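S.K.: Structure file entry-v4.txt, compact mmCIF, C-alpha atoms, is pasted below:
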```
# COMPACT_ATOMS: atom_id res chain seq x y z
CA MET A 1 -2.21 31.62 -7.44
CA ILE A 2 -0.66 28.30 -6.58
CA ASP A 3 2.04 28.25 -3.99
CA ASP A 4 5.14 26.84 -5.65
CA SER A 5 6.54 25.35 -2.49
CA ALA A 6 3.27 23.49 -1.79
CA ALA A 7 3.43 22.15 -5.35
CA ALA A 8 7.02 21.07 -4.83
CA ARG A 9 6.16 19.41 -1.53
CA PHE A 10 3.25 17.62 -3.17
CA ALA A 11 5.41 16.36 -6.01
CA ALA A 12 8.08 15.14 -3.61
CA MET A 13 5.49 13.29 -1.53
CA ALA A 14 3.29 11.90 -4.31
CA ALA A 15 5.61 11.05 -7.19
CA PRO A 16 7.40 8.10 -5.54
CA HIS A 17 4.04 6.41 -4.90
CA LEU A 18 2.81 6.56 -8.49
CA ASP A 19 3.55 2.90 -9.16
CA ALA A 20 1.65 1.84 -6.04
CA ALA A 21 -1.26 4.10 -7.01
CA TYR A 22 -1.41 2.68 -10.52
CA ASN A 23 -1.05 -0.93 -9.38
CA LEU A 24 -3.96 -0.54 -6.96
CA ALA A 25 -6.15 1.20 -9.55
CA ARG A 26 -5.25 -1.40 -12.17
CA TRP A 27 -6.30 -4.27 -9.91
CA LEU A 28 -9.48 -2.54 -8.73
CA THR A 29 -10.70 -1.44 -12.17
CA ARG A 30 -9.19 -4.44 -14.01
CA ASP A 31 -8.56 -2.26 -17.03
CA PRO A 32 -5.44 -0.32 -18.06
CA HIS A 33 -7.30 2.67 -19.51
CA ASP A 34 -9.64 2.99 -16.56
CA ALA A 35 -6.67 2.77 -14.21
CA ASP A 36 -5.00 5.61 -16.14
CA ASP A 37 -8.06 7.83 -15.77
CA VAL A 38 -8.60 6.99 -12.12
CA VAL A 39 -4.99 7.66 -11.12
CA GLN A 40 -4.98 10.92 -13.01
CA GLU A 41 -8.16 12.05 -11.30
CA ALA A 42 -6.94 10.82 -7.89
CA TYR A 43 -3.67 12.73 -8.18
CA LEU A 44 -5.43 15.95 -9.09
CA ARG A 45 -7.84 15.39 -6.23
CA ALA A 46 -4.96 14.67 -3.85
CA PHE A 47 -3.28 17.89 -4.90
CA ARG A 48 -6.44 19.84 -4.11
CA PHE A 49 -6.70 18.19 -0.69
CA PHE A 50 -2.99 18.50 0.02
CA ASP A 51 -3.56 21.30 2.54
CA GLY A 52 -5.33 18.74 4.70
CA PHE A 53 -2.33 16.38 4.69
CA ARG A 54 -0.58 16.83 8.02
CA GLY A 55 2.55 14.88 7.24
CA GLY A 56 2.98 11.27 8.31
CA ASP A 57 2.28 8.35 6.04
CA GLY A 58 2.07 9.83 2.54
CA ARG A 59 1.70 6.43 0.88
CA ALA A 60 -1.37 5.50 2.93
CA TRP A 61 -2.88 8.97 2.54
CA LEU A 62 -2.48 8.89 -1.22
CA LEU A 63 -3.68 5.30 -1.64
CA THR A 64 -6.81 6.17 0.37
CA ILE A 65 -7.64 8.81 -2.23
CA VAL A 66 -6.84 6.45 -5.11
CA ARG A 67 -9.02 3.77 -3.58
CA ASN A 68 -11.96 6.12 -3.01
CA THR A 69 -11.62 7.51 -6.52
CA CYS A 70 -11.72 3.94 -7.86
CA TYR A 71 -14.90 3.16 -5.97
CA SER A 72 -16.76 6.27 -7.07
CA TRP A 73 -15.51 5.76 -10.60
CA LEU A 74 -16.77 2.16 -10.61
CA GLU A 75 -20.13 3.25 -9.21
CA GLN A 76 -20.57 5.81 -11.96
CA ASN A 77 -19.29 3.76 -14.84
CA ARG A 78 -19.91 0.16 -14.03
CA PHE A 79 -22.66 0.09 -11.51
CA SER A 80 -22.94 -3.68 -11.66
CA SER A 81 -19.43 -4.48 -10.46
CA ILE A 82 -19.99 -3.37 -6.88
CA HIS A 83 -23.74 -3.50 -6.54
CA VAL A 84 -23.70 -5.95 -3.65
CA GLU A 85 -22.99 -4.36 -0.30
CA TYR A 86 -20.21 -6.40 1.26
CA ASP A 87 -20.81 -7.77 4.74
CA ASP A 88 -17.90 -9.23 6.68
CA ARG A 89 -20.16 -10.69 9.38
CA LEU A 90 -22.35 -12.57 6.95
CA ASP A 91 -19.37 -14.00 5.16
CA SER A 92 -17.84 -15.30 8.36
CA LEU A 93 -20.90 -17.42 9.10
CA HIS A 94 -20.84 -19.25 5.82
CA ASP A 95 -19.56 -22.75 5.52
CA ASP A 96 -18.41 -23.96 2.16
CA ASP A 97 -20.23 -26.52 0.02
CA GLU A 98 -18.84 -29.49 1.89
CA GLY A 99 -19.76 -28.04 5.24
CA ARG A 100 -16.22 -27.10 6.24
CA PRO A 101 -16.21 -23.91 8.27
CA MET A 102 -14.84 -21.06 6.14
CA HIS A 103 -11.68 -20.55 8.16
CA ARG A 104 -10.50 -24.15 8.20
CA LEU A 105 -7.69 -25.14 5.89
CA ASP A 106 -7.17 -28.62 4.63
CA PRO A 107 -3.75 -29.84 5.69
CA GLU A 108 -3.30 -31.94 2.57
CA GLN A 109 -4.17 -29.09 0.25
CA LEU A 110 -1.89 -28.99 -2.72
CA LEU A 111 1.13 -26.79 -2.84
CA LEU A 112 1.01 -24.05 -5.39
CA GLN A 113 3.43 -24.94 -8.10
CA ALA A 114 5.54 -22.67 -10.22
CA GLY A 115 3.93 -22.23 -13.63
CA GLN A 116 0.62 -21.50 -12.00
CA GLN A 117 1.10 -17.78 -12.39
CA GLN A 118 -1.72 -17.43 -14.87
CA LEU A 119 -3.99 -19.32 -12.53
CA ILE A 120 -3.13 -17.09 -9.59
CA GLU A 121 -3.55 -13.99 -11.72
CA THR A 122 -6.99 -15.07 -12.95
CA ALA A 123 -8.16 -16.22 -9.54
CA LEU A 124 -7.16 -12.89 -7.98
CA GLN A 125 -8.87 -10.97 -10.78
CA GLN A 126 -12.11 -12.82 -10.19
CA LEU A 127 -12.29 -12.28 -6.44
CA PRO A 128 -14.91 -9.82 -5.14
CA ILE A 129 -13.45 -6.33 -5.01
CA GLU A 130 -13.06 -6.22 -1.21
CA HIS A 131 -11.00 -9.40 -1.20
CA ARG A 132 -9.00 -8.41 -4.25
CA GLU A 133 -8.27 -5.03 -2.73
CA ILE A 134 -7.05 -6.33 0.60
CA LEU A 135 -4.80 -8.95 -1.02
CA VAL A 136 -3.26 -6.39 -3.36
CA LEU A 137 -2.63 -4.00 -0.46
CA ARG A 138 -1.08 -6.72 1.67
CA GLU A 139 0.74 -9.01 -0.77
CA LEU A 140 1.70 -6.66 -3.59
CA GLU A 141 2.09 -3.38 -1.72
CA GLU A 142 3.23 -5.09 1.49
CA LEU A 143 1.38 -2.60 3.68
CA SER A 144 0.88 -3.09 7.41
CA TYR A 145 -2.54 -3.85 8.89
CA ARG A 146 -2.61 -0.31 10.27
CA GLN A 147 -2.05 1.20 6.81
CA ILE A 148 -4.64 -1.10 5.26
CA SER A 149 -7.11 -0.14 7.98
CA GLU A 150 -6.57 3.52 7.10
CA ILE A 151 -6.83 3.01 3.35
CA ALA A 152 -9.86 0.72 3.31
CA GLY A 153 -11.55 2.56 6.19
CA ILE A 154 -12.10 -0.56 8.29
CA PRO A 155 -11.02 -1.45 11.86
CA MET A 156 -7.80 -3.45 12.41
CA GLY A 157 -9.80 -6.50 13.54
CA THR A 158 -11.72 -6.46 10.26
CA VAL A 159 -8.46 -6.22 8.30
CA MET A 160 -7.33 -9.39 10.04
CA SER A 161 -10.50 -11.39 9.47
CA ARG A 162 -11.12 -10.13 5.92
CA LEU A 163 -7.56 -10.95 4.90
CA SER A 164 -7.88 -14.39 6.39
CA ARG A 165 -11.05 -15.06 4.39
CA ALA A 166 -9.70 -13.48 1.22
CA ARG A 167 -6.75 -15.88 1.30
CA LEU A 168 -9.01 -18.82 1.86
CA GLN A 169 -11.31 -17.82 -0.95
CA LEU A 170 -8.38 -17.33 -3.28
CA ARG A 171 -7.05 -20.76 -2.45
CA ARG A 172 -10.46 -22.31 -3.01
CA SER A 173 -10.90 -20.70 -6.40
CA ILE A 174 -7.40 -21.72 -7.48
CA GLU A 175 -8.25 -25.29 -6.53
CA ALA A 176 -11.58 -25.09 -8.34
CA MET A 177 -9.84 -23.86 -11.48
CA GLU A 178 -7.27 -26.63 -11.25
CA GLN A 179 -9.97 -29.26 -11.19
CA ARG A 180 -11.68 -27.87 -14.27
CA MET B 1 -1.61 -19.82 29.42
CA LYS B 2 -4.91 -20.97 28.03
CA THR B 3 -4.35 -23.61 25.39
CA MET B 4 -5.64 -22.99 21.92
CA ASN B 5 -7.76 -25.31 19.81
CA CYS B 6 -7.40 -25.80 16.05
CA ASP B 7 -10.30 -23.52 15.12
CA GLU B 8 -8.86 -20.65 17.10
CA ALA B 9 -5.38 -21.34 15.81
CA GLN B 10 -6.35 -21.42 12.14
CA GLU B 11 -8.26 -18.19 12.43
CA LEU B 12 -5.08 -16.50 13.65
CA LEU B 13 -2.64 -18.08 11.19
CA SER B 14 -3.12 -15.38 8.59
CA ALA B 15 -2.18 -12.57 10.98
CA PHE B 16 0.62 -14.68 12.47
CA ASN B 17 2.06 -15.20 9.02
CA ASP B 18 1.92 -11.44 8.45
CA GLY B 19 3.75 -10.69 11.70
CA GLU B 20 0.71 -8.77 12.92
CA LEU B 21 -0.31 -10.92 15.87
CA ASP B 22 0.29 -9.54 19.36
CA LEU B 23 2.88 -11.25 21.52
CA THR B 24 0.52 -13.14 23.84
CA LEU B 25 -1.56 -14.65 21.04
CA GLY B 26 1.58 -15.30 19.01
CA LEU B 27 3.14 -17.32 21.82
CA ALA B 28 -0.06 -19.27 22.39
CA LEU B 29 -0.26 -20.04 18.67
CA GLU B 30 3.37 -21.10 18.53
CA ALA B 31 2.74 -23.47 21.42
CA HIS B 32 -0.22 -24.91 19.56
CA LEU B 33 1.77 -25.31 16.32
CA GLU B 34 4.47 -27.23 18.22
CA SER B 35 1.95 -29.88 19.14
CA CYS B 36 -0.33 -29.94 16.09
CA PRO B 37 0.90 -31.25 12.72
CA ASP B 38 -2.37 -30.29 10.98
CA CYS B 39 -2.06 -26.66 11.92
CA ARG B 40 1.64 -26.71 11.06
CA ALA B 41 0.72 -27.88 7.58
CA ALA B 42 -1.93 -25.16 7.33
CA HIS B 43 0.70 -22.63 8.41
CA ARG B 44 3.04 -23.80 5.67
CA SER B 45 0.33 -23.61 3.07
CA GLN B 46 -0.41 -20.02 4.17
CA GLN B 47 3.22 -19.13 3.61
CA GLU B 48 3.14 -20.80 0.20
CA LEU B 49 0.07 -18.85 -0.80
CA THR B 50 1.75 -15.57 0.12
CA ALA B 51 4.89 -16.52 -1.77
CA ALA B 52 2.84 -17.62 -4.78
CA LEU B 53 0.92 -14.33 -4.83
CA ARG B 54 3.99 -12.17 -4.52
CA HIS B 55 5.69 -14.16 -7.20
CA GLY B 56 2.74 -14.90 -9.44
CA ALA B 57 0.45 -11.87 -9.43
CA THR B 58 1.47 -9.05 -11.74
CA TYR B 59 2.66 -5.81 -10.21
CA TYR B 60 1.59 -3.11 -12.65
CA PRO B 61 3.96 -0.13 -12.58
CA ALA B 62 2.64 3.22 -13.81
CA PRO B 63 3.04 3.59 -17.59
CA ALA B 64 5.59 6.22 -18.65
CA LEU B 65 2.88 8.06 -20.56
CA LEU B 66 0.77 8.50 -17.43
CA ARG B 67 3.79 9.76 -15.52
CA ALA B 68 4.50 12.28 -18.24
CA ARG B 69 0.89 13.39 -18.43
CA LEU B 70 0.75 13.93 -14.66
CA ASN B 71 4.00 15.86 -14.75
CA ALA B 72 2.48 18.18 -17.30
CA GLN B 73 -0.83 18.57 -15.47
CA LEU B 74 0.19 18.99 -11.89
CA PRO B 75 1.24 22.49 -10.98
CA GLY B 76 4.23 21.16 -9.07
CA ASN B 77 5.82 19.74 -12.17
CA PRO B 78 8.17 17.11 -10.72
CA GLU B 79 10.61 17.55 -13.59
CA GLN B 80 11.20 21.04 -12.33
CA THR B 81 10.80 20.46 -8.65
CA ALA B 82 13.12 17.49 -8.77
CA ARG B 83 15.85 19.89 -9.54
CA GLN B 84 14.78 22.11 -6.68
CA ILE B 85 14.55 19.43 -4.07
CA PRO B 86 18.19 18.79 -3.32
CA THR B 87 18.56 22.52 -2.58
CA LEU B 88 22.29 22.22 -2.57
CA PRO B 89 22.88 25.97 -2.32
CA ASP B 90 20.53 26.13 0.66
CA ARG B 91 22.30 23.31 2.36
CA ARG B 92 25.65 24.92 1.74
CA ARG B 93 24.32 28.15 3.15
CA ARG B 94 22.98 26.37 6.18
CA SER B 95 26.18 24.54 6.81
CA SER B 96 28.15 27.73 6.44
CA VAL B 97 25.94 29.32 9.09
CA TRP B 98 26.76 26.40 11.28
CA ALA B 99 30.41 26.66 10.49
CA THR B 100 30.36 30.33 11.47
CA ALA B 101 28.58 29.55 14.70
CA LEU B 102 31.02 26.80 15.46
CA ALA B 103 33.99 28.96 14.67
CA ALA B 104 32.64 31.56 17.09
CA ALA B 105 32.18 28.88 19.72
CA LEU B 106 35.75 27.72 19.19
CA VAL B 107 37.00 31.22 19.80
CA ILE B 108 35.12 31.24 23.07
CA GLY B 109 36.81 27.98 23.82
CA VAL B 110 34.15 25.32 23.83
CA GLY B 111 35.55 21.92 23.01
CA VAL B 112 32.53 19.93 21.89
CA ASN B 113 32.32 21.45 18.44
CA LEU B 114 33.78 18.59 16.50
CA VAL B 115 31.09 16.24 17.75
CA LEU B 116 28.39 18.77 16.95
CA MET B 117 29.78 19.37 13.52
CA SER B 118 29.90 15.71 12.64
CA LEU B 119 26.33 15.23 13.89
CA GLN B 120 25.22 18.14 11.77
CA ARG B 121 27.05 16.79 8.74
CA GLN B 122 25.56 13.37 9.28
CA SER B 123 22.05 14.79 9.32
CA ALA B 124 22.62 16.95 6.23
CA LEU B 125 24.05 13.92 4.44
CA THR B 126 21.01 11.87 5.37
CA ASP B 127 18.84 14.58 3.82
CA GLU B 128 20.97 14.49 0.71
CA VAL B 129 20.89 10.74 0.16
CA VAL B 130 17.12 10.64 0.73
CA ALA B 131 16.68 13.53 -1.72
CA GLY B 132 18.85 11.61 -4.18
CA HIS B 133 16.66 8.54 -3.78
CA VAL B 134 13.37 10.47 -4.16
CA ARG B 135 14.73 12.39 -7.14
CA SER B 136 15.69 9.18 -8.91
CA LEU B 137 12.13 7.85 -8.49
CA MET B 138 10.36 11.09 -9.40
CA VAL B 139 11.87 11.65 -12.77
CA ALA B 140 12.14 7.93 -13.43
CA HIS B 141 15.84 8.46 -13.82
CA LEU B 142 17.15 5.48 -11.98
CA ASP B 143 19.76 4.18 -14.33
CA ASP B 144 22.17 5.57 -16.88
CA ILE B 145 23.55 2.11 -17.34
CA VAL B 146 20.85 -0.54 -17.28
CA SER B 147 22.33 -3.92 -16.58
CA THR B 148 22.04 -6.73 -14.12
CA ASP B 149 25.65 -7.69 -14.77
CA GLN B 150 28.19 -6.35 -12.29
CA HIS B 151 30.91 -6.74 -14.92
CA THR B 152 29.03 -4.33 -17.19
CA VAL B 153 28.05 -1.84 -14.51
CA LYS B 154 31.44 -1.53 -12.85
CA PRO B 155 33.48 -0.56 -15.95
CA TRP B 156 30.79 1.95 -16.91
CA PHE B 157 31.90 4.12 -13.97
CA THR B 158 35.50 4.18 -15.16
CA GLY B 159 36.38 7.59 -16.47
CA LYS B 160 33.20 9.07 -15.02
CA LEU B 161 34.34 8.95 -11.40
CA ASP B 162 37.71 9.49 -9.76
CA PHE B 163 37.30 6.22 -7.89
CA SER B 164 36.18 2.71 -8.70
CA PRO B 165 33.10 1.68 -6.72
CA PRO B 166 32.79 -1.99 -5.78
CA VAL B 167 29.82 -3.48 -7.64
CA HIS B 168 28.25 -6.79 -6.65
CA ASP B 169 25.11 -8.46 -7.89
CA LEU B 170 23.09 -9.91 -5.02
CA ALA B 171 20.46 -11.65 -7.15
CA ALA B 172 21.13 -14.93 -5.39
CA GLU B 173 20.34 -13.26 -2.07
CA GLY B 174 17.12 -11.74 -3.49
CA PHE B 175 18.53 -8.28 -4.22
CA PRO B 176 19.17 -8.19 -7.99
CA LEU B 177 21.27 -5.38 -9.39
CA ALA B 178 19.31 -3.33 -11.95
CA GLY B 179 21.79 -0.65 -12.99
CA GLY B 180 23.71 2.43 -11.97
CA ARG B 181 24.15 6.15 -12.48
CA ILE B 182 26.17 9.07 -11.23
CA ASP B 183 24.66 11.29 -8.55
CA TYR B 184 25.97 14.34 -6.74
CA ILE B 185 26.11 14.11 -2.96
CA ASN B 186 28.32 15.60 -0.27
CA HIS B 187 29.70 18.06 -2.83
CA ARG B 188 31.10 15.37 -5.07
CA PRO B 189 30.04 12.96 -7.84
CA VAL B 190 29.18 9.58 -6.33
CA ALA B 191 28.22 6.16 -7.64
CA ALA B 192 24.52 5.33 -7.30
CA LEU B 193 23.68 1.64 -7.71
CA ASP B 194 20.12 0.54 -8.24
CA TYR B 195 19.11 -2.71 -6.54
CA ARG B 196 15.66 -4.28 -6.32
CA ARG B 197 13.82 -6.26 -3.67
CA ARG B 198 10.49 -7.39 -5.07
CA GLN B 199 8.93 -4.09 -6.24
CA HIS B 200 11.08 -1.98 -3.90
CA VAL B 201 13.92 0.11 -5.27
CA ILE B 202 17.10 0.37 -3.22
CA ASN B 203 19.51 3.16 -4.08
CA LEU B 204 23.03 2.48 -2.87
CA PHE B 205 25.28 5.53 -2.83
CA VAL B 206 29.03 4.94 -2.63
CA TRP B 207 31.92 7.37 -2.35
CA PRO B 208 35.47 7.29 -0.97
CA VAL B 209 36.40 8.76 2.39
CA PRO B 210 39.86 9.41 3.82
CA ASP B 211 39.08 7.43 6.96
CA ARG B 212 39.68 3.71 6.33
CA ARG B 213 38.01 2.53 9.51
CA ALA B 214 35.26 -0.05 9.06
CA THR B 215 31.87 0.47 10.72
CA SER B 216 28.89 -1.87 10.95
CA PRO B 217 25.64 -0.97 9.19
CA GLU B 218 23.44 1.41 11.18
CA THR B 219 19.86 2.06 10.21
CA SER B 220 17.80 5.21 10.56
CA LYS B 221 14.56 6.61 9.20
CA ARG B 222 13.90 9.83 7.35
CA ALA B 223 10.73 11.03 5.62
CA GLY B 224 9.29 7.53 5.59
CA TYR B 225 12.39 5.95 4.01
CA ASN B 226 14.77 3.57 5.70
CA ILE B 227 18.47 4.26 5.51
CA ALA B 228 21.40 1.97 6.25
CA ARG B 229 24.94 3.33 6.31
CA TRP B 230 28.32 1.77 6.87
CA SER B 231 31.96 2.22 5.93
CA ILE B 232 34.59 -0.23 4.89
CA ASP B 233 37.90 -0.12 3.13
CA GLY B 234 37.86 3.65 2.63
CA MET B 235 34.35 3.82 1.16
CA ASP B 236 31.15 5.22 2.64
CA TYR B 237 27.96 3.31 1.77
CA TRP B 238 24.43 4.68 2.11
CA ALA B 239 21.45 2.52 1.16
CA VAL B 240 18.01 4.16 0.95
CA SER B 241 14.69 2.46 0.28
CA ASP B 242 11.06 2.17 1.24
CA LEU B 243 11.86 -1.47 1.99
CA ASN B 244 11.37 -2.41 5.66
CA ALA B 245 14.32 -1.73 7.98
CA SER B 246 15.18 -5.34 8.75
CA GLU B 247 15.44 -6.42 5.11
CA LEU B 248 17.45 -3.31 4.28
CA LEU B 249 19.82 -4.17 7.12
CA GLY B 250 20.08 -7.69 5.69
CA PHE B 251 21.01 -6.16 2.33
CA ALA B 252 23.68 -3.99 4.00
CA GLN B 253 25.16 -6.95 5.83
CA GLN B 254 25.26 -9.09 2.68
CA LEU B 255 27.14 -6.38 0.83
CA ARG B 256 29.48 -5.62 3.67
CA THR B 257 30.64 -9.19 4.01
CA LEU B 258 31.64 -9.09 0.34
CA GLU B 259 33.96 -6.15 1.00
CA ARG B 260 36.72 -7.39 3.20
CA PRO B 261 39.14 -4.79 4.53
CA THR B 262 42.38 -4.91 2.56
CA GLY B 263 44.53 -3.52 5.35
CA PRO B 264 45.12 -0.02 6.67
```
Could you render the structure from this file as structure tokens?

M.R.:
Amino acid sequence: MIDDSAAARFAAMAAPHLDAAYNLARWLTRDPHDADDVVQEAYLRAFRFFDGFRGGDGRAWLLTIVRNTCYSWLEQNRFSSIHVEYDDRLDSLHDDDEGRPMHRLDPEQLLLQAGQQQLIETALQQLPIEHREILVLRELEELSYRQISEIAGIPMGTVMSRLSRARLQLRRSIEAMEQR
Amino acid sequence: MKTMNCDEAQELLSAFNDGELDLTLGLALEAHLESCPDCRAAHRSQQELTAALRHGATYYPAPALLRARLNAQLPGNPEQTARQIPTLPDRRRRSSVWATALAAALVIGVGVNLVLMSLQRQSALTDEVVAGHVRSLMVAHLDDIVSTDQHTVKPWFTGKLDFSPPVHDLAAEGFPLAGGRIDYINHRPVAALDYRRRQHVINLFVWPVPDRRATSPETSKRAGYNIARWSIDGMDYWAVSDLNASELLGFAQQLRTLERPTGP
């Protein structure tokens, strides 16, 4: 028998974060129907685990479950999209094609103009999932590094360096698309 | 302080831009930016990228169908629980317990009761406005009148409320008005105005009070939401949102400057 007050507490905690949950799932799966299924499954899962939620940051707790549900869903259904194990350390050693160290920005790089929305959208969609995820959590959900660290299950220092590289990579691919 | 070179500086720009750099590193980076035009330009381009993303990348809100399906599936059907959450009868009962206790204390002759009572009322009110905010998001019932035009929203309240709430669009300041509805708070119908800041919803509750004193916005936190409250010109204002406290305070101050006291 389900405790009504637990159900009410769950609804009060989880319902206001539904948009955030869907937005994250939509960006991770890149498909509206998949996002629907993932969020539905994540919410049912969250309800089952709700006993383990000890108060605190409900948004981060819920998004952690949504994120994990996305990953296992992608593994089962589209093995190819995350088949490469991501390695932050490896990435940080890479220079780009012209030998610039990955973290250097060109001062004269072009400003992003209005009307480039489609470009930004496409560039973000094409980023590897770890970069896409961290940019969505930071720029669209406006979460703190601490929350992102909890959701993505990585240390704060890694949040900082991964975000830095994700931004750089996004900028590079926008520029590459502009030149095409 | 150890001076910073460009490589070190540019690695930290991202976190600096996000306001996540600790004070010592932040100061060292600021000192470097003062003296280095290249890194200043890189800093600007970071800010532009963030602005472009927030502006350019789509924020996908949950489809109504998904919301409805979840409501039906989850045992704690929010449509039902939403009605339970404000627990008005409970709150009345609680406050009457308090009132009884305070009355007893008065008989004994303790003189601090008025302060206690107003603190208690304040806290119960905070619960109520937060419940009002959560309720509006849960059942996706934010607006009865959907309009970004203050001249459409304001007259809509006429005849529905026994007062005329001031309605201002703050789109130019980055807080567009999205609509309004009637809510029930503090045992009376109140105006609830729906403002936006990026994807954040701000509920602004307004109702008249007998006291015409003006107070500056004060912020507090409850259940993960930020609250700003102030009074001016015989109206109480309560803004609730998951927006960060400093931007919510900015919103409160913008609105408050638009309402100048019209005398006692």

S.K.: Rank nothing, just name the residue among A:Glu133, A:Asp37, A:Glu75, A:Asp31 nearest to Leu63 in chain A, using all atoms listed in the file.

M.R.: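 Among the listed residues, A:Glu133 lies closest to Leu63 in chain A.
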
S.K.: Mind listing as a list in words which residues of chain A are within 6 Å of chain B, counting only C-alpha atoms?

M.R.: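 The contacting residues on chain A are Ala7, Ala8, Ala11, Ala15, Pro16, Asp19, Tyr22, Asn23, His103, Leu105, Pro107, Gln117, Glu121, Glu139 and Ser164 of chain A.
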
S.K.: From the set A:Arg165, A:His33, A:Arg59, A:Arg171, which residue has the shortest atom-to-atom contact distance to Thr122 in chain A, counting all atoms listed in the file?

M.R.: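 Checking each candidate against Thr122 in chain A, we get A:Arg171 as the closest.
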
S.K.: List the neighbours of Phe49 in chain A out to 12 Å using only C-alpha atoms; skip same-chain residues closer than 3 positions along the sequence, and give me the result as a PyMOL selection string.

M.R.: chain A and resi 6-7+10+42-46+52-54+61-62+65

S.K.: Enumerate, as a PyMOL selection string, the protein, DNA and RNA residues whose atoms approach (-7.2, 5.3, -6.2) to within 10 Å, taking into account all atoms listed in the file and the coordinate frame of the file.

M.R.: chain A and resi 20-26+28-29+35+37-43+46+62-73+151

S.K.: Please produce an output containing C-alpha atoms for each residue in the selection, written as a PDB file, in the coordinates of the input.

M.R.:
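Final file, again_11.pdb:
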```pdb
ATOM      1  CA  ALA A  20       1.650   1.840  -6.040  1.00  0.00           C
ATOM      2  CA  ALA A  21      -1.260   4.100  -7.010  1.00  0.00           C
ATOM      3  CA  TYR A  22      -1.410   2.680 -10.520  1.00  0.00           C
ATOM      4  CA  ASN A  23      -1.050  -0.930  -9.380  1.00  0.00           C
ATOM      5  CA  LEU A  24      -3.960  -0.540  -6.960  1.00  0.00           C
ATOM      6  CA  ALA A  25      -6.150   1.200  -9.550  1.00  0.00           C
ATOM      7  CA  ARG A  26      -5.250  -1.400 -12.170  1.00  0.00           C
ATOM      8  CA  LEU A  28      -9.480  -2.540  -8.730  1.00  0.00           C
ATOM      9  CA  THR A  29     -10.700  -1.440 -12.170  1.00  0.00           C
ATOM     10  CA  ALA A  35      -6.670   2.770 -14.210  1.00  0.00           C
ATOM     11  CA  ASP A  37      -8.060   7.830 -15.770  1.00  0.00           C
ATOM     12  CA  VAL A  38      -8.600   6.990 -12.120  1.00  0.00           C
ATOM     13  CA  VAL A  39      -4.990   7.660 -11.120  1.00  0.00           C
ATOM     14  CA  GLN A  40      -4.980  10.920 -13.010  1.00  0.00           C
ATOM     15  CA  GLU A  41      -8.160  12.050 -11.300  1.00  0.00           C
ATOM     16  CA  ALA A  42      -6.940  10.820  -7.890  1.00  0.00           C
ATOM     17  CA  TYR A  43      -3.670  12.730  -8.180  1.00  0.00           C
ATOM     18  CA  ALA A  46      -4.960  14.670  -3.850  1.00  0.00           C
ATOM     19  CA  LEU A  62      -2.480   8.890  -1.220  1.00  0.00           C
ATOM     20  CA  LEU A  63      -3.680   5.300  -1.640  1.00  0.00           C
ATOM     21  CA  THR A  64      -6.810   6.170   0.370  1.00  0.00           C
ATOM     22  CA  ILE A  65      -7.640   8.810  -2.230  1.00  0.00           C
ATOM     23  CA  VAL A  66      -6.840   6.450  -5.110  1.00  0.00           C
ATOM     24  CA  ARG A  67      -9.020   3.770  -3.580  1.00  0.00           C
ATOM     25  CA  ASN A  68     -11.960   6.120  -3.010  1.00  0.00           C
ATOM     26  CA  THR A  69     -11.620   7.510  -6.520  1.00  0.00           C
ATOM     27  CA  CYS A  70     -11.720   3.940  -7.860  1.00  0.00           C
ATOM     28  CA  TYR A  71     -14.900   3.160  -5.970  1.00  0.00           C
ATOM     29  CA  SER A  72     -16.760   6.270  -7.070  1.00  0.00           C
ATOM     30  CA  TRP A  73     -15.510   5.760 -10.600  1.00  0.00           C
ATOM     31  CA  ILE A 151      -6.830   3.010   3.350  1.00  0.00           C
TER      32      ILE A 151
END
```

S.K.: Give me the residues within 12 Å of Ile154 in chain A as a compact mmCIF listing (two decimals) with C-alpha atoms, keeping the file's coordinate frame, counting all atoms listed in the file and dropping any in the same chain fewer than 5 places off.

M.R.:
```
# COMPACT_ATOMS: atom_id res chain seq x y z
CA THR A 64 -6.81 6.17 0.37
CA ASP A 87 -20.81 -7.77 4.74
CA ASP A 88 -17.90 -9.23 6.68
CA GLU A 130 -13.06 -6.22 -1.21
CA ILE A 134 -7.05 -6.33 0.60
CA TYR A 145 -2.54 -3.85 8.89
CA ARG A 146 -2.61 -0.31 10.27
CA GLN A 147 -2.05 1.20 6.81
CA ILE A 148 -4.64 -1.10 5.26
CA SER A 149 -7.11 -0.14 7.98
CA VAL A 159 -8.46 -6.22 8.30
CA MET A 160 -7.33 -9.39 10.04
CA SER A 161 -10.50 -11.39 9.47
CA ARG A 162 -11.12 -10.13 5.92
CA LEU A 163 -7.56 -10.95 4.90
```

S.K.: For Gly174 in chain B, list every protein, DNA or RNA residue within 9 Å, evaluated using only C-alpha atoms, and leave out those in the same chain fewer than 4 positions away; present the list as an MDAnalysis selection string.

M.R.: chainID B and resid 170 196:198 251

S.K.: Would you mind exporting the chosen residues as an mmCIF file, in the coordinates of the input, restricted to C-alpha atoms?

M.R.:
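Saved result, out-v8.cif, follows:
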```
data_model
loop_
_atom_site.group_PDB
_atom_site.id
_atom_site.type_symbol
_atom_site.label_atom_id
_atom_site.label_comp_id
_atom_site.auth_asym_id
_atom_site.auth_seq_id
_atom_site.Cartn_x
_atom_site.Cartn_y
_atom_site.Cartn_z
ATOM 1 C CA LEU B 170 23.090 -9.910 -5.020
ATOM 2 C CA ARG B 196 15.660 -4.280 -6.320
ATOM 3 C CA ARG B 197 13.820 -6.260 -3.670
ATOM 4 C CA ARG B 198 10.490 -7.390 -5.070
ATOM 5 C CA PHE B 251 21.010 -6.160 2.330
#
```
